[in-house]
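In what follows, a structure is listed as structure tokens, so that the remarks can point back to it.
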Amino acid sequence: MEYNFKQVEKKWQDRWEETGVFHAKNDYSKPKYYCLVEFPYPSGQGLHVGHPRSYTALDIVARKKRLQGYNVLYPMGWDAFGLPTENYAIKNHIHPEIVTKQNIAHFKAQLQALGFSFDWSREINTTDPDYYKWTQWIFLQLYKKGLAYKKEMAVNWCTSCKCVLANEEVVNGVCERCGSEVVRKVKSQWMLKITEYAQRLVDDLDDLDFIERVKTQQKNWIGRSTGAEVDFEAETGDKITVYTTRPDTLFGATYMVMAPEHALIDQWADTITNMDEVAAYRAAAAHKSDFERTEVNKDKTGVELKGVKAINPVNGKKIPIFISDYVLASYGTGAIMAVPAHDTRDWEFAKKFGIPMVEVVKGGDIEQEAFTDCASGVMVNSGFLTGLTVDQAKLKIIKYLEKEGKGRAKVNFKLRDWVFSRQRYWGEPIPIVKCEKCGYVPLPESELPLKLPNVESYEPTDNGESPLANLTDWVKTTCPCCGGPAERETDTMPQWAGSSWYFLRYCDPHNSEALASKEALEYWTPVDWYNGGMEHTTLHLLYSRFWHKFLYDVGVVPTKEPYQKRTSHGMILGENGEKMSKSRGNVVNPDDIVNEFGADTMRLYEMFIGDFEKAAPWKTSSIKGCKRFVDRFWNLQEIVADGDSIRPALESVFHKTIKKVTFDIDNLKANTAIAALMSLLNEIYETGSISREELRIFTILLNPFAPHVTEEMWEIQNFGGAVTGASWPTYDEAKCKDSVIELAVQVNGKIRARITVDAEISNDDALAAAKAAPAVAAEIDGKTVVKEIYVKGKLVNIVIKK
RNA sequence: GCGCUUGUGGCGGAACUGGCAGACGCGCCGGAUUUAGGAUCCGGUCCGAGAGGGUGCAGGUUCGAUUCCUGUCAGGCGCACCA
């Protein structure tokens, strides 16, 4: 009997939709489980084969948890604001809202064809005013707490598109889309103070069940470093504060370097004797794009500030001051003390400019290269620090500086505040007005949502303003504070805004009074398991943790962290092992696979393709193995025999398989779970029949992976109700064990025999049986046995002297 | 340069805390069925005739190493003058 997957899959997808069987219940007395996958950006290209990898993995978890009796929330929605839609709208003069609607319909149909058990009654869409009302509301709370502020910032400006680009859209110094030159333009931008949360964003990772590489990548991105600030005095009497992680090397500071943008330089304009040269260098640095600045990084450049020297606070020595673009204005204090003997960059610079070096940590050869090792080495030429280790010296010098008032311990972060403005149409309007009298005034919450107005053209304006800036009627408004004339903010929020809190909305998606009710949040949060791509580790994941912590601080959410567990899937590559892309011509369309092989087979293949966390190349020819598995499962009907128990011969393998599948699903190892089910199926076929109870259990075990064929099987076999209402089978640890086992017998580590023994055999009996095996006996005959090892249930190793 | 990560048959990949390397699947070979092909079913498949040799390479620890340690090579990802 051939399995008609097309008919069966459609039948069950329709039935799931009708019965709402996967809707999360609002019964807060049951144990809950919240599974989350990153909601997609509904692009015009439709679903990619990469999407179902993540969705299937957590669909399996969600389905299993339901069978285990949990109230499961497994929702889906649309992260629908964003550039590609806007660009499509510009090109084709179609409203982005319409494009978005079409794309969502297409995506949703594709997802439903794969049989995911999403709770579609909780579907959300970031571009829906009922949704972004709350995105705007959160922004207002941030503003009220002083965490949103405006700042003059250099932004990326594409000369051809005449628009502002996000950093991610600038590739190798040119526009990602058109390849034209990108220049810097100074604009006033909304910023969010994520730096205020830097410390907590690092510390709180400790209590989370995130995979290690996600934690390290977040930590590296936040870039916490501990050191000290040291105050140098200039001959002018001004204080120059520097940040250093190596205060122990202070006696080796032979010059200072300031960022070209440093404010003191202007103050010293009359004192500096070579101001022309200095000004020229500063102008050149200002013109360089970030790209150029990092490209030139091989060769250090700089100019000495002649006429001003600084005084080293520990030894009173006068040292020269340089400006150089290898010192960044945006990190630390924008100035450093340079210790060429013990810092690679300072060493290069000093070599080039002929500045003397002073070795203050012994252990390297500073003529050859800077000695930067902290772990070994003893302080020399360092006054009261001489003779100490580096660590001791760090503590002592900080104590000294603090006592003298010349410095202090200091922690710094690489993390910068979040640039929150986009000069774009297709995003959430920022709910702020600018009043000449009152300054920036937040809209009253009663006026939310501030809806996106219709515009004629979505194209950004020539001067880099958002398309909204052309809508005079919309821009001109009255000040909520004084009632006088005011102007609306015309920038919109970045795409990261809507996705920073979406998982909260799923808890209570139709609430018009709050972003979600307190009860719903208490019950559902935190997300128990969140899976997504590594590409979102540093932006989305960090941003949403930041917003969540803020919402916690203002009493909106009950948990400090949004996600308890975070895992990450590897990419699915093209058949040639390269990243799938249109231009490489190696894109696989999931629709084609579903049409040809069916959704169950597609799901199985996506899981069976390899280690979930690693990248894996797609191979269409391998799919048939999964198709055969589905068909062979279906054909079990032909050999089903009466019997309401597991036959004794299969008891141990059944219990082992239940154990393995249960364990593997929880550990993201669907690939080996499927392999175990395939093995079990092979064993069943070897016996020539299957009992009804065996088929019932097999059907439940396979259900999370292949939901359609198992539903149909359940119904045909009349197992009662639907398989989605069944209970996940349990295993008996005692029955997982075999009564007789095969031991490998080694002599000096080489296998010489295999013996079959009772599983509970004693140590001595095992060794005796091993030595009695003919091949072993022959080899050890007349030799001295040095050692005998029995590893329970596995092997025996006899070590003899040669 | 720094951080993370990977390296196992023709291919995708298995192997729990050091204990029988290659599970499961693809492909391939042989057979059955078929007018033929496809599909299906059965058997075989790391290399080597064999002793033996095999987890990128070279060492080390161990009775025993894909697993631990040292060095080295190659690929992938991320960050990139962060003082």
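For the structure tokens, the naming scheme is as follows: chains receive sequential letters (A, B, ...) according to their order of presentation, residues are indexed from 1 within each chain, and ligands are indexed from 1 in presentation order.
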
Requested in this report: Find the residues around His48 of chain A up to 8 Å (only C-alpha atoms (C1' of nucleotides) counted), leave out those fewer than 6 positions away in its own chain, and share them as a ChimeraX atom specification.
Outcome: /A:588-590

Taking only residues of chain A that have an atom at most 6 Å from an atom of chain B, what is each one's shortest atom pair and its distance in Å to one decimal, using only C-alpha atoms (C1' of nucleotides), in chain and number order, as a tab-separated table?
residue	atom	partner	partner_atom	distance
A:Thr244	CA	B:A83	C1'	5.6
A:Tyr326	CA	B:C81	C1'	5.0
A:Lys414	CA	B:C82	C1'	5.8
A:Gly610	CA	B:G13	C1'	5.8
A:Ser622	CA	B:C26	C1'	4.8
A:Gly625	CA	B:G25	C1'	5.9
A:Ala675	CA	B:C24	C1'	4.4
A:Ala744	CA	B:C20	C1'	5.6
A:Gly749	CA	B:G64	C1'	5.8
A:Val799	CA	B:C63	C1'	6.0

Requested in this report: Run DSSP on the backbone and give me the residues of segment 28-152 of chain A it puts in alpha helix (DSSP H), as a ChimeraX atom specification.
Outcome: /A:51-67,83-92,96-113,129-144

**Report entry** For G59 of chain B: contacts at 12 Å, only C-alpha atoms (C1' of nucleotides), fewer than 4 positions along chain excluded, given as a list in words
**Finding:** C69, U70, G71 and U72 of chain B

**Report entry** Contacts of segment 60-77 of chain A within 7 Å, only C-alpha atoms (C1' of nucleotides), excl. fewer than 2 positions in-chain, as a PyMOL selection string
**Finding:** chain A and resi 24-25+30-36+39+56-58+79+118-120+122-125+506+665-666+704-705+724-728

Export of prior selection with C-alpha atoms as a PDB file, in the first residue's frame:
ATOM      1  CA  ALA A  24      -1.186  27.051  24.349  1.00  0.00           C
ATOM      2  CA  LYS A  25      -3.740  26.888  27.135  1.00  0.00           C
ATOM      3  CA  LYS A  30      -0.306  23.160  34.547  1.00  0.00           C
ATOM      4  CA  PRO A  31       3.488  23.023  34.234  1.00  0.00           C
ATOM      5  CA  LYS A  32       4.539  25.221  31.322  1.00  0.00           C
ATOM      6  CA  TYR A  33       7.232  25.022  28.707  1.00  0.00           C
ATOM      7  CA  TYR A  34       8.095  27.941  26.459  1.00  0.00           C
ATOM      8  CA  CYS A  35       9.969  27.034  23.253  1.00  0.00           C
ATOM      9  CA  LEU A  36      11.082  29.874  21.057  1.00  0.00           C
ATOM     10  CA  PHE A  39      10.813  34.837  14.079  1.00  0.00           C
ATOM     11  CA  THR A  56      11.936  21.544  13.205  1.00  0.00           C
ATOM     12  CA  ALA A  57      14.362  21.035  16.063  1.00  0.00           C
ATOM     13  CA  LEU A  58      12.226  22.982  18.511  1.00  0.00           C
ATOM     14  CA  ASP A  79       9.905  40.589  12.128  1.00  0.00           C
ATOM     15  CA  PHE A 118       2.995  26.700  16.112  1.00  0.00           C
ATOM     16  CA  ASP A 119       0.202  28.344  18.030  1.00  0.00           C
ATOM     17  CA  TRP A 120      -1.085  30.472  15.185  1.00  0.00           C
ATOM     18  CA  ARG A 122      -0.738  34.073  18.903  1.00  0.00           C
ATOM     19  CA  GLU A 123       0.834  35.153  15.619  1.00  0.00           C
ATOM     20  CA  ILE A 124       2.391  38.611  15.873  1.00  0.00           C
ATOM     21  CA  ASN A 125       3.732  41.118  13.395  1.00  0.00           C
ATOM     22  CA  TYR A 506       3.461  36.011  22.612  1.00  0.00           C
ATOM     23  CA  ILE A 665      15.605  15.295  21.903  1.00  0.00           C
ATOM     24  CA  ASP A 666      16.420  17.180  25.093  1.00  0.00           C
ATOM     25  CA  PRO A 704       7.568  14.605  16.994  1.00  0.00           C
ATOM     26  CA  PHE A 705       9.790  14.004  13.964  1.00  0.00           C
ATOM     27  CA  THR A 724      -1.195  14.227  19.933  1.00  0.00           C
ATOM     28  CA  GLY A 725      -3.280  13.198  22.945  1.00  0.00           C
ATOM     29  CA  ALA A 726      -1.125  10.198  23.795  1.00  0.00           C
ATOM     30  CA  SER A 727       1.438   9.986  26.599  1.00  0.00           C
ATOM     31  CA  TRP A 728       5.135   9.868  25.866  1.00  0.00           C
TER      32      TRP A 728
END

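Straight-line separation from atom CA of Ala154 of chain A to atom CA of Glu277 of chain A: 24.6 Å.
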
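Reported to one decimal place, the separation of atom CA of Lys394 of chain A from atom CA of Gly354 of chain A is 28.0 Å.
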
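The strand (DSSP E) portion of segment 507-748 of chain A consists of Trp529, Tyr530, Asn531, Gly532, Lys565, Arg566, Thr567, Ser568, Ile572, Leu573, Ala616, Pro617, Val640, Ala641, Ile690, Ser691, Val740, Ile741, Glu742, Leu743, Ala744, Val745, Gln746 and Val747 of chain A, with states taken from DSSP on the backbone.
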
Report task. May I have the residues within 12 Å of Arg345 of chain A as number ranges by chain, using only C-alpha atoms (C1' of nucleotides) and disregarding those fewer than 6 positions away in the same chain? Result -> A: 257, 297-301, 324-327, 336-339, 351-352, 369-372; B: 1, 81, 83

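Residue neighbourhood of G18 of chain B, excluding near-sequence residues (fewer than 2 positions): A:Val791, B:C16, B:U61, B:U62, B:C63, B:G64, B:A65, B:U66, B:U67, B:C68, at 12 Å, using only C-alpha atoms (C1' of nucleotides).
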
Put those residues in a file: C-alpha atoms (C1' of nucleotides), as an mmCIF file, in the first residue's frame.
data_model
loop_
_atom_site.group_PDB
_atom_site.id
_atom_site.type_symbol
_atom_site.label_atom_id
_atom_site.label_comp_id
_atom_site.auth_asym_id
_atom_site.auth_seq_id
_atom_site.Cartn_x
_atom_site.Cartn_y
_atom_site.Cartn_z
ATOM 1 C CA VAL A 791 36.200 -2.983 32.236
ATOM 2 C "C1'" C B 16 28.409 8.098 27.213
ATOM 3 C "C1'" U B 61 50.970 10.349 29.255
ATOM 4 C "C1'" U B 62 48.459 5.361 29.771
ATOM 5 C "C1'" C B 63 47.555 -1.623 30.149
ATOM 6 C "C1'" G B 64 44.569 1.092 26.542
ATOM 7 C "C1'" A B 65 43.885 7.688 23.159
ATOM 8 C "C1'" U B 66 39.047 9.988 17.899
ATOM 9 C "C1'" U B 67 38.749 11.377 23.381
ATOM 10 C "C1'" C B 68 43.849 13.989 27.810
#

Report task. For atom CA of Lys451 of chain A and atom CA of Trp157 of chain A, determine how far apart the two atoms are, in Å to one decimal place. Result -> 26.9 Å

Report task. Tell me, as a PyMOL selection string, which residues lie within 9 Å of segment 526-531 of chain A, counting only C-alpha atoms (C1' of nucleotides); anything in the same chain fewer than 4 positions away does not count. Result -> chain A and resi 33-38+54-55+57-58+503-504+521-522+558-569
